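Trainee: Sharing run.pdb (PDB, C-alpha atoms and all ligand atoms) below.
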```
ATOM      1  CA  MET S 291       0.000   0.000   0.000
ATOM      2  CA  PRO S 292       1.484   3.423  -0.916
ATOM      3  CA  ALA S 293       2.450   5.816   1.832
ATOM      4  CA  LEU S 294       0.213   8.791   2.503
ATOM      5  CA  ASP S 295       1.981  12.099   2.224
ATOM      6  CA  LEU S 296       0.080  14.408   4.535
ATOM      7  CA  SER S 297      -0.375  17.887   3.161
ATOM      8  CA  PRO S 298      -1.684  20.801   5.202
ATOM      9  CA  GLY S 299      -4.912  22.671   4.629
ATOM     10  CA  TYR S 300      -7.763  20.854   6.295
ATOM     11  CA  GLY S 301      -9.214  22.241   9.469
ATOM     12  CA  LEU S 302     -10.425  19.290  11.483
ATOM     13  CA  PRO S 303      -9.811  20.201  15.097
ATOM     14  CA  ALA S 304      -6.980  18.336  16.719
ATOM     15  CA  LEU S 305      -7.929  15.862  19.384
ATOM     16  CA  ALA S 306      -5.703  14.736  22.220
ATOM     17  CA  ALA S 307      -2.652  12.855  21.000
ATOM     18  CA  SER S 308      -3.354  10.169  23.567
ATOM     19  CA  TYR S 309      -6.197   8.933  21.356
ATOM     20  CA  LEU S 310      -3.758   7.941  18.672
ATOM     21  CA  ASP S 311      -2.573   4.401  18.467
ATOM     22  CA  ARG S 312       0.426   5.208  16.292
ATOM     23  CA  ALA S 313       1.425   1.622  15.740
ATOM     24  CA  ARG S 314      -2.055   0.776  14.456
ATOM     25  CA  VAL S 315      -2.114   3.818  12.193
ATOM     26  CA  ARG S 316       1.273   2.901  10.731
ATOM     27  CA  GLU S 317       0.243  -0.695  10.264
ATOM     28  CA  LEU S 318      -3.018   0.223   8.543
ATOM     29  CA  PHE S 319      -1.962   3.156   6.470
ATOM     30  CA  LYS S 320       1.828   3.261   6.251
ATOM     31  CA  VAL S 321       1.581   6.932   7.104
ATOM     32  CA  ARG S 322       4.844   8.814   7.186
ATOM     33  CA  LEU S 323       4.223  10.368  10.563
ATOM     34  CA  ASP S 324       7.928  11.156  10.849
ATOM     35  CA  ARG S 325       7.608  13.737   8.059
ATOM     36  CA  SER S 326       4.689  15.534   9.654
ATOM     37  CA  THR S 327       4.794  18.493  11.932
ATOM     38  CA  LYS S 328       3.322  17.985  15.382
ATOM     39  CA  GLN S 329       0.237  19.906  14.349
ATOM     40  CA  ARG S 330      -0.339  17.698  11.337
ATOM     41  CA  ARG S 331       0.102  14.614  13.470
ATOM     42  CA  LEU S 332      -2.541  15.913  15.834
ATOM     43  CA  ARG S 333      -4.906  16.630  12.978
ATOM     44  CA  PHE S 334      -4.378  13.163  11.646
ATOM     45  CA  ALA S 335      -4.931  11.754  15.131
ATOM     46  CA  GLY S 336      -8.142  13.738  15.326
ATOM     47  CA  ALA S 337      -9.390  12.422  12.005
ATOM     48  CA  PHE S 338      -8.480   8.882  12.910
ATOM     49  CA  CYS S 339     -10.139   9.137  16.277
ATOM     50  CA  LEU S 340     -13.335  10.742  14.966
ATOM     51  CA  ALA S 341     -13.604   8.177  12.222
ATOM     52  CA  SER S 342     -13.038   5.225  14.505
ATOM     53  CA  GLN S 343     -15.532   6.575  17.031
ATOM     54  CA  ARG S 344     -18.057   6.611  14.214
ATOM     55  CA  GLY S 345     -17.434   2.970  13.509
ATOM     56  CA  VAL S 346     -15.959   3.663  10.094
ATOM     57  CA  ASN S 347     -13.981   0.801   8.654
ATOM     58  CA  LEU S 348     -10.773   2.733   8.198
ATOM     59  CA  GLY S 349      -8.789   0.023   6.468
ATOM     60  CA  ARG S 350     -11.414  -0.558   3.803
ATOM     61  CA  GLU S 351     -11.966   3.129   3.200
ATOM     62  CA  PHE S 352      -8.301   3.718   2.849
ATOM     63  CA  GLN S 353      -7.828   1.006   0.270
ATOM     64  CA  VAL S 354     -10.630   2.513  -1.809
ATOM     65  CA  GLN S 355      -8.840   5.828  -1.634
ATOM     66  CA  PHE S 356      -5.726   4.353  -3.177
ATOM     67  CA  THR S 357      -7.224   2.525  -6.112
ATOM     68  CA  GLY S 358      -7.041   5.652  -8.291
ATOM     69  CA  PRO S 359      -4.144   7.930  -9.208
ATOM     70  CA  TYR S 360      -2.073   9.119  -6.306
ATOM     71  CA  VAL S 361      -3.797  12.394  -5.512
ATOM     72  CA  ALA S 362      -4.460  11.983  -1.815
ATOM     73  CA  GLY S 363      -3.656  14.882   0.432
ATOM     74  CA  GLU S 364      -4.728  15.174   4.011
ATOM     75  CA  SER S 365      -8.128  16.669   3.225
ATOM     76  CA  LYS S 366      -8.848  14.136   0.545
ATOM     77  CA  PHE S 367      -7.992  11.372   2.961
ATOM     78  CA  ILE S 368     -10.146  12.725   5.757
ATOM     79  CA  ILE S 369     -13.106  13.190   3.467
ATOM     80  CA  ALA S 370     -12.669   9.724   2.029
ATOM     81  CA  VAL S 371     -12.646   8.235   5.502
ATOM     82  CA  ALA S 372     -15.514  10.279   6.795
ATOM     83  CA  MET S 373     -17.802   9.753   3.816
ATOM     84  CA  ALA S 374     -18.976   6.368   5.032
ATOM     85  CA  GLY S 375     -20.347   7.898   8.242
ATOM     86  CA  PRO S 376     -21.784   5.802  11.050
ATOM     87  CA  THR S 377     -22.390   2.187  10.137
ATOM     88  CA  ARG S 378     -24.981  -0.313  11.311
ATOM     89  CA  GLU S 379     -22.249  -1.780  13.540
ATOM     90  CA  PHE S 380     -21.692   1.637  15.085
ATOM     91  CA  TRP S 381     -25.341   1.845  16.169
ATOM     92  CA  GLU S 382     -25.435  -1.794  17.281
ATOM     93  CA  LYS S 383     -22.415  -1.146  19.492
ATOM     94  CA  ARG S 384     -23.984   1.976  20.980
ATOM     95  CA  PHE S 385     -27.115   0.042  21.910
ATOM     96  CA  ALA S 386     -25.113  -2.916  23.247
ATOM     97  CA  ALA S 387     -23.003  -0.587  25.438
ATOM     98  CA  GLY S 388     -26.081   1.293  26.674
ATOM     99  CA  ASP S 389     -24.456   4.407  25.186
ATOM    100  CA  THR S 390     -27.676   5.977  23.903
ATOM    101  CA  PRO S 391     -27.705   9.624  25.014
ATOM    102  CA  TRP S 392     -30.317  10.474  22.371
ATOM    103  CA  ASP S 393     -32.822   8.192  24.092
ATOM    104  CA  ARG S 394     -35.386  10.184  26.071
ATOM    105  CA  GLY S 395     -36.694   7.108  27.855
ATOM    106  CA  GLU S 396     -40.183   8.299  26.961
ATOM    107  CA  VAL S 397     -42.299   9.688  24.147
ATOM    108  CA  SER S 398     -41.131  12.978  22.665
ATOM    109  CA  PRO S 399     -43.260  15.847  24.014
ATOM    110  CA  GLN S 400     -43.601  17.151  20.447
ATOM    111  CA  LEU S 401     -45.388  13.998  19.333
ATOM    112  CA  GLY S 402     -47.757  14.474  22.275
ATOM    113  CA  ALA S 403     -48.320  18.104  21.232
ATOM    114  CA  TRP S 404     -49.060  17.178  17.594
ATOM    115  CA  LEU S 405     -51.492  14.462  18.715
ATOM    116  CA  ALA S 406     -53.214  16.690  21.281
ATOM    117  CA  ALA S 407     -53.630  19.505  18.754
ATOM    118  CA  GLY S 408     -55.084  17.132  16.148
ATOM    119  CA  ALA S 409     -52.237  18.064  13.792
ATOM    120  CA  LEU S 410     -51.480  14.346  13.454
ATOM    121  CA  LYS S 411     -54.504  12.078  13.125
ATOM    122  CA  PRO S 412     -54.675   8.269  12.829
ATOM    123  CA  CYS S 413     -53.361   7.171   9.441
ATOM    124  CA  ARG S 414     -50.780   4.889   7.871
ATOM    125  CA  ILE S 415     -47.484   6.171   9.288
ATOM    126  CA  LEU S 416     -43.787   5.255   9.053
ATOM    127  CA  VAL S 417     -41.219   5.854  11.819
ATOM    128  CA  PRO S 418     -37.708   5.513  10.305
ATOM    129  CA  GLY S 419     -34.740   5.110  12.674
ATOM    130  CA  CYS S 420     -37.220   4.243  15.422
ATOM    131  CA  GLY S 421     -34.596   3.507  18.119
ATOM    132  CA  SER S 422     -36.247   2.273  21.318
ATOM    133  CA  GLY S 423     -39.691   2.790  19.831
ATOM    134  CA  TYR S 424     -41.517   4.917  22.433
ATOM    135  CA  GLU S 425     -43.169   6.922  19.648
ATOM    136  CA  VAL S 426     -44.018   3.741  17.736
ATOM    137  CA  ALA S 427     -45.955   2.356  20.698
ATOM    138  CA  ALA S 428     -47.625   5.731  21.384
ATOM    139  CA  LEU S 429     -48.779   6.049  17.782
ATOM    140  CA  ALA S 430     -50.058   2.471  17.713
ATOM    141  CA  ALA S 431     -51.933   3.102  20.976
ATOM    142  CA  ALA S 432     -53.464   6.238  19.435
ATOM    143  CA  GLY S 433     -54.949   4.158  16.597
ATOM    144  CA  PHE S 434     -52.338   4.614  13.859
ATOM    145  CA  GLU S 435     -51.301   1.866  11.449
ATOM    146  CA  VAL S 436     -47.586   2.076  12.215
ATOM    147  CA  THR S 437     -44.534   0.724  10.446
ATOM    148  CA  ALA S 438     -41.267   1.158  12.355
ATOM    149  CA  LEU S 439     -37.916   0.809  10.629
ATOM    150  CA  ASP S 440     -34.383   0.548  11.987
ATOM    151  CA  TYR S 441     -31.325  -1.347  10.816
ATOM    152  CA  ALA S 442     -30.070  -2.069  14.332
ATOM    153  CA  ALA S 443     -31.468  -5.381  15.560
ATOM    154  CA  GLU S 444     -31.365  -4.105  19.148
ATOM    155  CA  ALA S 445     -33.548  -1.112  18.217
ATOM    156  CA  ILE S 446     -36.109  -3.421  16.654
ATOM    157  CA  GLY S 447     -35.961  -5.639  19.756
ATOM    158  CA  ARG S 448     -36.528  -2.655  22.057
ATOM    159  CA  THR S 449     -39.407  -1.429  19.926
ATOM    160  CA  ARG S 450     -40.975  -4.885  19.995
ATOM    161  CA  LYS S 451     -40.819  -4.784  23.791
ATOM    162  CA  GLN S 452     -42.424  -1.316  23.929
ATOM    163  CA  LEU S 453     -45.275  -2.605  21.778
ATOM    164  CA  LYS S 454     -45.705  -5.728  23.889
ATOM    165  CA  ASP S 455     -45.709  -3.743  27.139
ATOM    166  CA  ALA S 456     -48.331  -1.374  25.723
ATOM    167  CA  GLY S 457     -50.380  -4.269  24.321
ATOM    168  CA  VAL S 458     -50.400  -2.811  20.815
ATOM    169  CA  GLU S 459     -49.113  -3.822  17.386
ATOM    170  CA  ALA S 460     -47.033  -2.360  14.593
ATOM    171  CA  THR S 461     -45.097  -3.650  11.612
ATOM    172  CA  LEU S 462     -41.380  -3.851  12.375
ATOM    173  CA  VAL S 463     -38.817  -3.682   9.583
ATOM    174  CA  GLU S 464     -35.103  -4.297  10.107
ATOM    175  CA  ALA S 465     -33.614  -2.581   7.057
ATOM    176  CA  ASP S 466     -31.453   0.274   5.823
ATOM    177  CA  ALA S 467     -33.465   3.482   5.515
ATOM    178  CA  LEU S 468     -31.416   4.415   2.459
ATOM    179  CA  ALA S 469     -32.471   1.294   0.573
ATOM    180  CA  TRP S 470     -35.829   0.084   1.867
ATOM    181  CA  ARG S 471     -38.863   0.313  -0.432
ATOM    182  CA  PRO S 472     -42.363  -0.281   0.969
ATOM    183  CA  GLN S 473     -45.095  -1.960  -1.049
ATOM    184  CA  ARG S 474     -47.503   0.938  -0.385
ATOM    185  CA  ALA S 475     -46.882   4.609   0.256
ATOM    186  CA  PHE S 476     -47.577   6.179   3.648
ATOM    187  CA  ASP S 477     -49.855   9.060   4.644
ATOM    188  CA  ALA S 478     -47.275  10.349   7.105
ATOM    189  CA  VAL S 479     -43.680   9.909   8.221
ATOM    190  CA  TYR S 480     -42.557  10.719  11.761
ATOM    191  CA  GLU S 481     -38.889  11.670  11.380
ATOM    192  CA  GLN S 482     -37.263  11.962  14.789
ATOM    193  CA  THR S 483     -33.462  12.131  14.615
ATOM    194  CA  CYS S 484     -32.915   9.603  11.834
ATOM    195  CA  LEU S 485     -31.773  12.312   9.412
ATOM    196  CA  CYS S 486     -29.270  13.711  11.920
ATOM    197  CA  ALA S 487     -27.923  10.180  12.461
ATOM    198  CA  LEU S 488     -26.911   9.937   8.797
ATOM    199  CA  TYR S 489     -23.689  11.415   7.472
ATOM    200  CA  PRO S 490     -24.692  14.485   5.393
ATOM    201  CA  ASP S 491     -23.418  12.883   2.167
ATOM    202  CA  HIS S 492     -26.446  10.572   2.496
ATOM    203  CA  TRP S 493     -29.019  13.284   3.154
ATOM    204  CA  ARG S 494     -29.967  13.743  -0.510
ATOM    205  CA  ASP S 495     -30.663   9.995  -0.826
ATOM    206  CA  TYR S 496     -32.610  10.009   2.430
ATOM    207  CA  ALA S 497     -34.707  12.993   1.327
ATOM    208  CA  ASP S 498     -35.477  11.099  -1.896
ATOM    209  CA  GLN S 499     -36.536   8.116   0.206
ATOM    210  CA  LEU S 500     -38.841  10.283   2.322
ATOM    211  CA  ARG S 501     -40.466  11.582  -0.835
ATOM    212  CA  ARG S 502     -40.838   8.047  -2.210
ATOM    213  CA  TRP S 503     -42.298   6.739   1.041
ATOM    214  CA  LEU S 504     -44.983   9.423   1.215
ATOM    215  CA  ALA S 505     -48.085   9.506  -0.961
ATOM    216  CA  PRO S 506     -48.684  12.876  -2.663
ATOM    217  CA  GLY S 507     -50.320  15.112  -0.063
ATOM    218  CA  GLY S 508     -48.676  13.042   2.682
ATOM    219  CA  ARG S 509     -46.963  14.799   5.563
ATOM    220  CA  LEU S 510     -43.504  14.676   7.008
ATOM    221  CA  TYR S 511     -43.528  15.370  10.759
ATOM    222  CA  ALA S 512     -39.906  16.338  11.185
ATOM    223  CA  LEU S 513     -37.779  17.083  14.221
ATOM    224  CA  PHE S 514     -34.638  18.747  12.894
ATOM    225  CA  LEU S 515     -31.843  18.414  15.457
ATOM    226  CA  GLN S 516     -30.021  21.664  16.238
ATOM    227  CA  TRP S 517     -26.384  21.315  17.256
ATOM    228  CA  LEU S 518     -24.089  23.707  15.457
ATOM    229  CA  ARG S 519     -20.613  22.686  16.601
ATOM    230  CA  PRO S 520     -17.639  25.051  16.765
ATOM    231  CA  GLY S 521     -15.683  22.997  14.194
ATOM    232  CA  ALA S 522     -18.241  24.026  11.558
ATOM    233  CA  ALA S 523     -16.494  27.410  11.449
ATOM    234  CA  GLU S 524     -13.528  25.573   9.916
ATOM    235  CA  GLY S 525     -15.608  23.349   7.677
ATOM    236  CA  ALA S 526     -15.580  20.264   9.893
ATOM    237  CA  ILE S 527     -18.594  17.989   9.707
ATOM    238  CA  GLU S 528     -19.068  16.547  13.164
ATOM    239  CA  GLY S 529     -21.520  14.011  14.425
ATOM    240  CA  PRO S 530     -23.601  12.021  14.858
ATOM    241  CA  PRO S 531     -25.823  13.777  15.533
ATOM    242  CA  TYR S 532     -25.207  16.090  12.553
ATOM    243  CA  HIS S 533     -26.610  19.591  12.818
ATOM    244  CA  CYS S 534     -29.750  19.996  10.679
ATOM    245  CA  ASP S 535     -29.311  23.611   9.705
ATOM    246  CA  ILE S 536     -32.563  25.161   8.495
ATOM    247  CA  ASN S 537     -30.971  26.369   5.251
ATOM    248  CA  ALA S 538     -29.770  22.843   4.500
ATOM    249  CA  MET S 539     -33.282  21.564   5.273
ATOM    250  CA  ARG S 540     -34.782  24.009   2.756
ATOM    251  CA  ALA S 541     -32.307  22.782   0.146
ATOM    252  CA  LEU S 542     -33.169  19.148   0.895
ATOM    253  CA  PHE S 543     -36.934  19.690   0.944
ATOM    254  CA  PRO S 544     -37.429  22.588  -1.457
ATOM    255  CA  GLU S 545     -40.601  24.459  -2.305
ATOM    256  CA  PRO S 546     -42.701  23.781  -4.335
ATOM    257  CA  ARG S 547     -42.033  20.030  -4.038
ATOM    258  CA  TRP S 548     -42.647  20.409  -0.317
ATOM    259  CA  ALA S 549     -44.994  22.912   1.322
ATOM    260  CA  TRP S 550     -43.460  24.652   4.321
ATOM    261  CA  PRO S 551     -45.321  26.378   7.152
ATOM    262  CA  LYS S 552     -44.171  29.842   8.112
ATOM    263  CA  PRO S 553     -41.572  30.097  10.912
ATOM    264  CA  PRO S 554     -41.061  30.351  13.829
ATOM    265  CA  TYR S 555     -41.166  26.632  14.486
ATOM    266  CA  PRO S 556     -41.610  25.067  17.939
ATOM    267  CA  ARG S 557     -38.389  23.968  19.628
ATOM    268  CA  THR S 558     -38.494  20.672  21.465
ATOM    269  CA  THR S 559     -35.900  20.199  24.154
ATOM    270  CA  HIS S 560     -33.791  17.122  24.446
ATOM    271  CA  PRO S 561     -32.248  15.502  27.572
ATOM    272  CA  ARG S 562     -28.762  16.368  26.263
ATOM    273  CA  GLY S 563     -29.682  20.036  26.381
ATOM    274  CA  LEU S 564     -30.077  20.104  22.610
ATOM    275  CA  ALA S 565     -33.128  21.210  20.715
ATOM    276  CA  GLU S 566     -35.112  20.007  17.734
ATOM    277  CA  LEU S 567     -37.094  22.224  15.389
ATOM    278  CA  ALA S 568     -40.556  20.778  14.807
ATOM    279  CA  VAL S 569     -41.763  21.295  11.234
ATOM    280  CA  VAL S 570     -44.607  19.674   9.313
ATOM    281  CA  LEU S 571     -43.904  19.519   5.570
ATOM    282  CA  GLU S 572     -46.409  18.462   2.943
ATOM    283  CA  HIS S 573     -45.362  16.359  -0.034
ATOM    284  CA  ARG S 574     -46.596  18.173  -3.135
ATOM    285  CA  ALA S 575     -47.125  16.043  -6.222
TER     286      ALA S 575
HETATM  287  C1  LIG Y 601     -30.056   8.945  17.118
HETATM  288  S1  LIG Y 601     -30.913   7.427  17.071
HETATM  289  C2  LIG Y 601     -32.600   8.014  17.203
HETATM  290  C3  LIG Y 601     -33.569   6.935  17.662
HETATM  291  C4  LIG Y 601     -34.985   7.440  17.900
HETATM  292  N1  LIG Y 601     -35.573   8.015  16.707
HETATM  293  C5  LIG Y 601     -35.001   8.437  19.022
HETATM  294  O1  LIG Y 601     -35.221   9.642  18.768
HETATM  295  O2  LIG Y 601     -34.792   8.031  20.172
HETATM  296  C6  LIG Y 601     -30.791   6.989  15.364
HETATM  297  C7  LIG Y 601     -31.444   5.661  15.032
HETATM  298  O3  LIG Y 601     -31.437   5.521  13.610
HETATM  299  C8  LIG Y 601     -30.985   4.237  13.278
HETATM  300  N2  LIG Y 601     -30.330   4.366  11.966
HETATM  301  C9  LIG Y 601     -29.253   5.119  11.640
HETATM  302  N3  LIG Y 601     -28.971   5.003  10.342
HETATM  303  C10 LIG Y 601     -29.903   4.156   9.818
HETATM  304  C11 LIG Y 601     -30.133   3.625   8.522
HETATM  305  N4  LIG Y 601     -29.344   3.953   7.486
HETATM  306  N5  LIG Y 601     -31.176   2.788   8.353
HETATM  307  C12 LIG Y 601     -31.975   2.450   9.390
HETATM  308  N6  LIG Y 601     -31.789   2.908  10.642
HETATM  309  C13 LIG Y 601     -30.774   3.754  10.853
HETATM  310  C14 LIG Y 601     -30.030   3.837  14.385
HETATM  311  O4  LIG Y 601     -29.895   2.427  14.486
HETATM  312  C15 LIG Y 601     -30.721   4.456  15.603
HETATM  313  O5  LIG Y 601     -31.661   3.577  16.170
END
```
Would you mind writing the file's structure down as structure tokens?
Mentor:
Amino acid sequence: MPALDLSPGYGLPALAASYLDRARVRELFKVRLDRSTKQRRLRFAGAFCLASQRGVNLGREFQVQFTGPYVAGESKFIIAVAMAGPTREFWEKRFAAGDTPWDRGEVSPQLGAWLAAGALKPCRILVPGCGSGYEVAALAAAGFEVTALDYAAEAIGRTRKQLKDAGVEATLVEADALAWRPQRAFDAVYEQTCLCALYPDHWRDYADQLRRWLAPGGRLYALFLQWLRPGAAEGAIEGPPYHCDINAMRALFPEPRWAWPKPPYPRTTHPRGLAELAVVLEHRA
């Protein structure tokens, strides 16, 4: 495998050098750390650490990077590594370790507000990235025909338990949200932090899926996670969860293909101290 010649110019924030397993990096990538300045080493350590925390298969990504002409600089490398984003294994490991800070342990108050206001009425609804499934059980109990989707087996197992405990039923699908195709379209999709769990390179595909899943006139009940991280000032894309900037959301779900209500939108708080913007979009034919 060719050596990677690190070149400067990418602004990923440096993480502590103690994260770096230099021997493993050398073994995997044959990186010429000896030629780098300390700062570059730290940046590389940061990229390596962020990527491995996200469950990215670094070795595989790196080999892909080197199948073409030798054009890889530091930024190219970091982007190539980060493009895969969190994997199914990443989420499985988070569930297995009980490391689920996104999990409220109860139904989102915004779902309760939409139901109480009659803004969301019983219909055929999909909950992608359902996690522990509190909302799935609540919707089923409120008379909805619910399909819940997640590619982590543990999430599906937890959702099954929620349904059993509540004595209600829903269709459970263990599949990748970026690939799954239903047999029939839905009247509504309840999107609670599945989008922000996907690396932004996949957002366009996910938005296309949401459009495919919904029947014309169907509604997307979206909770757009708000977490603008300081690294964004230097161009770093950090997550999950990835910040769902409102401008990016308008680009993903543009008028007139989607009808937007007028802002301001309600902000739902999250146990981590974060917030979600609650927006109901209508799929226009
Ligand atoms: C941040 S958690 C949110 C879970 C739940 N919606 C909640 O708010 O508690 C993201 C969930 O999406 C699932 N997920 C991420 N990417 C996915 C994909 N490509 N296909 C299906 N599920 C995915 C993860 O397994 C995880 O359960």
Trainee: Apply the PyMOL selection byres (((not hetatm)) within 7 of (chain Y and resi 601)) to the structure shown and report the selected residues as number ranges by chain.
Mentor: S: 378, 381-382, 392-394, 418-423, 439-442, 445, 465-468, 482-484, 487-488, 531
Trainee: Could you give me, as a PDB file with C-alpha atoms, in the frame of the given file, the residues within 10 Å of Glu566 (chain S), counting all atoms listed in the file and dropping anything in the same chain fewer than 4 positions from it?
Mentor:
```
ATOM      1  CA  GLN S 400     -43.601  17.151  20.447  1.00  0.00           C
ATOM      2  CA  GLN S 482     -37.263  11.962  14.789  1.00  0.00           C
ATOM      3  CA  THR S 483     -33.462  12.131  14.615  1.00  0.00           C
ATOM      4  CA  ALA S 512     -39.906  16.338  11.185  1.00  0.00           C
ATOM      5  CA  LEU S 513     -37.779  17.083  14.221  1.00  0.00           C
ATOM      6  CA  PHE S 514     -34.638  18.747  12.894  1.00  0.00           C
ATOM      7  CA  LEU S 515     -31.843  18.414  15.457  1.00  0.00           C
ATOM      8  CA  GLN S 516     -30.021  21.664  16.238  1.00  0.00           C
ATOM      9  CA  TRP S 517     -26.384  21.315  17.256  1.00  0.00           C
ATOM     10  CA  HIS S 533     -26.610  19.591  12.818  1.00  0.00           C
ATOM     11  CA  CYS S 534     -29.750  19.996  10.679  1.00  0.00           C
ATOM     12  CA  TYR S 555     -41.166  26.632  14.486  1.00  0.00           C
ATOM     13  CA  PRO S 556     -41.610  25.067  17.939  1.00  0.00           C
ATOM     14  CA  ARG S 557     -38.389  23.968  19.628  1.00  0.00           C
ATOM     15  CA  THR S 558     -38.494  20.672  21.465  1.00  0.00           C
ATOM     16  CA  THR S 559     -35.900  20.199  24.154  1.00  0.00           C
ATOM     17  CA  HIS S 560     -33.791  17.122  24.446  1.00  0.00           C
TER      18      HIS S 560
END
```
Trainee: Using only C-alpha atoms, which residue out of S:Val479, S:Leu453, S:Ala549, S:Leu462 lies closest to Leu401 (chain S)?
Mentor: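 Under the stated criterion, the closest residue is S:Val479.
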Trainee: Please indicate the distance in Å from CA of Arg547 (chain S) to CA of Gly402 (chain S), rounded to one decimal place.
Mentor: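 These two atoms are separated by 27.5 Å.
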Trainee: Go through S:Leu571, S:Gly521, S:Pro490, S:Glu379 one by one, measure the shortest atom-to-atom distance of each to Asp535 (chain S) using all atoms listed in the file, and give the residue with the smallest value.
Mentor: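 Checking each of S:Leu571, S:Gly521, S:Pro490, S:Glu379 against Asp535 (chain S), counting all atoms listed in the file, the winner is S:Pro490.
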Trainee: Would you work out the distance separating CA of Gln452 (chain S) from CA of Gly375 (chain S), expressed in Å to one decimal?
Mentor: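 Taking CA of Gln452 (chain S) as the start and CA of Gly375 (chain S) as the end point, the length is 28.6 Å.
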